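Enquirer: Before I ask anything, here is the structure I am working with.
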Amino acid sequence: MPRLKLPPIRSSEITAERFFHMRREVLAGALGLAAVTALPRASRAAAAAPGGAALKYTRNARYAIVDKPNSYEEITGYNNFYEFGVDKTDPAANAGSLRTRPWSITVGGEAGVTGTFTIEDILKPHPLEERIYRHRCVEAWSMVIPWVGFPLADLLQRFKPTSRAKFVEFTTLLDPKQMPGQRRAVLDWPYREALRIDEAMHPLAFMVTGVYGRELPNQNGAPLRVHLPWKYGFKSAKSIVKIRFSERQPANTWAVSAPGEYGFYANVNPSVDHPRWSQATERRIGGGFFAARQPTLMFNGYADQVAGLYQGLDLRRNF
Ligand code: MTE
C-alpha cells in the first residue's frame with residue numbers, strides 16, 4: 001500500500017476554541033466541576049478494568065456536564081457494533097478478533113490532500129483531550145461517556161477539502177474474517193455514515209481514540225471512531241478506514257436499510273418519534289430497568305450550540 005506523508009498540521013488550522021464561545025458551555029463547565037471531581041472514583045474503576053494503554057490527555061472542562069459518567073464496564077460492555085453481532089453484549093465478547101495495528105485510512109474525493117495514511121500519521125499531530133459527552137442511541141437508551149480524542153475539524157482540515165466538498169463520509173472496515181457479523185447480511189456492509197461538511201466541522205464533532213483515559217477498546221470502535229453528541233448514536237461510525245469528501249449527499253447504512261425509520265440527519269429530537277417507538281424519553285444505562293425514564297432533550301442537550309446549523313430545515317421531514 002502506498003505510504004503517503006500528510007503535511008504537518010498548522011496551528012492556524014486547528015479549530016479555534018476562541019470562536020466557540022457559548023454561554024451554555026461555560027455554565028456547564030462551572031456546574032460540571034461536580035461531575036469532574038466525581039470522576040476519580042469512576043476512573044479508579046476504569047483503571048481496575050482491563051483496558052488499552054493509558055493515554056496522555058488534558059481534561060477539557062468546557063465539555064464537562066453535570067450528569068454522572070457511566071462506568072467503564074457499562075460503556076465497554078453494552079454496545080452496538082453489528083459487525084460483531086446484534087446483541088448488546090456481542091461486541092465485547094467478539095471484537096477481540098479485530099486487529100487495529102497496522103491500520104490505515106484512505107482519504108479521497110473533493111480534497112487537496114488524498115491518499116492512504118497510517119493511523120500513526122493520522123494521530124500524531126493531535127493533542128488529546130477528554131470531553132464528557134452525552135450519548136443517545138436511537139433505541140432510546142443513553143449514557144454519559146468521558147471520551148478521549150480531538151476535534152474532527154482539526155483532522156478534516158489537514159486534507160484541505162475543496163469548495164465542492166459539501167459532505168464527508170466515513171466507512172468502517174470491511175473484513176468478514178475479523179468481523180464475523182459481516183458474514184450475515186444484517187446490514188449492507190461496510191457500515192457507512194456521512195455528515196454535511198458544516199456539521200463535521202462543528203466544534204462539538206469529535207474524533208475518538210480513547211475512553212476513561214485509555215485507548216479505545218475494539219467494541220467501542222478502535223482505533224478511531226467519531227462521536228456527534230447531538231445526533232443519535234448510529235451516526236458515529238466505528239473503526240474507520242475511509243474518509244471521503246463529496247459534493248452529493250452520500251447514502252448512509254441505516255437509511256439504506258430502513259429508509260422510513262432512519263434518515264440522514266438523525267438529530268436527537270424528542271418531538272419526532274421513531275415510527276415504532278417514542279423518542280420523548282430515554283433510559284439511562286446503569287439506572288436499572290425499572291428506573292424512571294428521563295426526558296430526552298432537543299439535540300441531546302446541545303441545542304444552544306447546534307440549532308443554528310439547521311435553521312430553515314424542516315426537522316420533521318429531515319429526521
Ligand atoms: N459503527 C459500526 N461500524 N457498526 C455499528 O453497528 N452502531 C452505531 C454506532 N456506530 C454501529 C456503529 C450505533 S447504533 C450506536 S448507538 C453507536 O455506534 C454505539 O456506540 P457505543 O457502542 O460505543 O456506545
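By convention here, the chains of the C-alpha cells are called A, B, ... in the order presented, each chain's residues are numbered starting at 1, and ligands are numbered starting at 1 in the order presented.
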Wanna dump the stretch 44-117 of chain A-stretch 247-254 of chain A contacts at 12 Å for me, each residue with its shortest atom pair and the distance in Å to one decimal, counting only C-alpha atoms, ordered by chain and number, as a Markdown table?
Expert:
```
| residue | atom | partner | partner_atom | distance |
| --- | --- | --- | --- | --- |
| A:Tyr82 | CA | A:Trp254 | CA | 11.5 |
| A:Gly109 | CA | A:Glu247 | CA | 8.8 |
| A:Glu110 | CA | A:Glu247 | CA | 7.4 |
| A:Ala111 | CA | A:Glu247 | CA | 10.8 |
```
Enquirer: Restrict the calculation to only C-alpha atoms and all ligand atoms, then for each residue of chain A with any atom at most 9 Å from an atom of ligand 1 give the closest atom pair and their distance in Å to one decimal, rows by chain and rising residue number, as CSV.
Expert:
```
residue,atom,partner,partner_atom_place_in_ligand_line,distance
A:Ile75,CA,ligand 1,24 (O),6.2
A:Thr76,CA,ligand 1,23 (O),7.1
A:Gly77,CA,ligand 1,22 (O),8.2
A:Tyr78,CA,ligand 1,22 (O),6.5
A:Asn79,CA,ligand 1,22 (O),3.4
A:Asn80,CA,ligand 1,22 (O),4.4
A:Phe81,CA,ligand 1,6 (O),3.4
A:Tyr82,CA,ligand 1,6 (O),3.8
A:Glu83,CA,ligand 1,4 (N),5.9
A:Phe84,CA,ligand 1,6 (O),8.1
A:Gly85,CA,ligand 1,6 (O),8.4
A:Val86,CA,ligand 1,6 (O),7.8
A:Lys88,CA,ligand 1,22 (O),8.1
A:Pro91,CA,ligand 1,22 (O),8.0
A:His135,CA,ligand 1,24 (O),7.3
A:Arg136,CA,ligand 1,16 (S),6.9
A:Cys137,CA,ligand 1,16 (S),4.2
A:Val138,CA,ligand 1,16 (S),6.5
A:Glu139,CA,ligand 1,16 (S),7.5
A:Trp141,CA,ligand 1,16 (S),8.5
A:Ser142,CA,ligand 1,24 (O),8.5
A:Met143,CA,ligand 1,24 (O),7.8
A:Ile145,CA,ligand 1,24 (O),8.7
A:Thr171,CA,ligand 1,3 (N),7.6
A:Thr172,CA,ligand 1,3 (N),5.1
A:Leu173,CA,ligand 1,3 (N),7.6
A:Leu187,CA,ligand 1,6 (O),8.6
A:Trp189,CA,ligand 1,3 (N),8.9
A:Pro190,CA,ligand 1,3 (N),7.5
A:Tyr191,CA,ligand 1,3 (N),4.9
A:Arg192,CA,ligand 1,3 (N),7.3
A:Glu193,CA,ligand 1,1 (N),8.3
A:Gln219,CA,ligand 1,22 (O),6.5
A:Asn220,CA,ligand 1,23 (O),4.0
A:Gly221,CA,ligand 1,23 (O),6.6
A:Arg225,CA,ligand 1,10 (N),7.9
A:Val226,CA,ligand 1,10 (N),8.4
A:His227,CA,ligand 1,20 (O),8.5
A:Tyr232,CA,ligand 1,16 (S),6.7
A:Gly233,CA,ligand 1,16 (S),3.7
A:Phe234,CA,ligand 1,13 (C),3.6
A:Lys235,CA,ligand 1,9 (C),6.2
A:Ser236,CA,ligand 1,10 (N),4.7
A:Ala237,CA,ligand 1,1 (N),4.0
A:Lys238,CA,ligand 1,1 (N),4.1
A:Ser239,CA,ligand 1,3 (N),6.3
A:Ile240,CA,ligand 1,3 (N),7.6
A:Trp254,CA,ligand 1,14 (S),8.7
```
Enquirer: Using atom CA of A:Thr114 and atom CA of A:Arg244 as the two end points, give the distance in Å to one decimal.
Expert: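 One can read the atom CA of A:Thr114 to atom CA of A:Arg244 distance as 9.1 Å.
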Enquirer: Any idea what's packed within 9 Å of A:Glu199, counting only C-alpha atoms, ignoring anything in its chain fewer than 6 positions away? Could you give it as a PyMOL selection string?
Expert: chain A and resi 167+205+228+306+309
Enquirer: Store the residues picked out above, limited to N, CA, C and O atoms, as a short mmCIF file (atom, residue, chain, number, x, y, z; two decimals), in the first residue's frame.
Expert:
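Output (out_10.cif):
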```cif
data_model
loop_
_atom_site.label_atom_id
_atom_site.label_comp_id
_atom_site.auth_asym_id
_atom_site.auth_seq_id
_atom_site.Cartn_x
_atom_site.Cartn_y
_atom_site.Cartn_z
N PHE A 167 -20.17 17.35 1.74
CA PHE A 167 -20.43 16.25 2.68
C PHE A 167 -19.13 15.51 2.95
O PHE A 167 -18.19 15.57 2.16
N ALA A 205 -18.13 18.16 17.13
CA ALA A 205 -17.86 16.89 16.43
C ALA A 205 -16.47 16.39 16.84
O ALA A 205 -15.48 17.12 16.72
N LEU A 228 -20.80 12.29 17.58
CA LEU A 228 -21.54 13.52 17.33
C LEU A 228 -22.59 13.59 18.42
O LEU A 228 -23.64 12.95 18.31
N VAL A 306 -25.87 23.84 18.45
CA VAL A 306 -26.02 23.32 17.09
C VAL A 306 -27.31 23.71 16.36
O VAL A 306 -27.41 23.50 15.15
N LEU A 309 -27.27 25.31 12.95
CA LEU A 309 -26.90 24.55 11.73
C LEU A 309 -28.13 24.19 10.91
O LEU A 309 -28.01 23.85 9.73
#
```
Enquirer: Point out the residue among A:Val241, A:Leu155, A:Ala258, A:Ala266 with the least atom-to-atom distance to A:Thr100, counting only C-alpha atoms.
Expert: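 Residue with the minimum atom-to-atom distance to A:Thr100: A:Val241.
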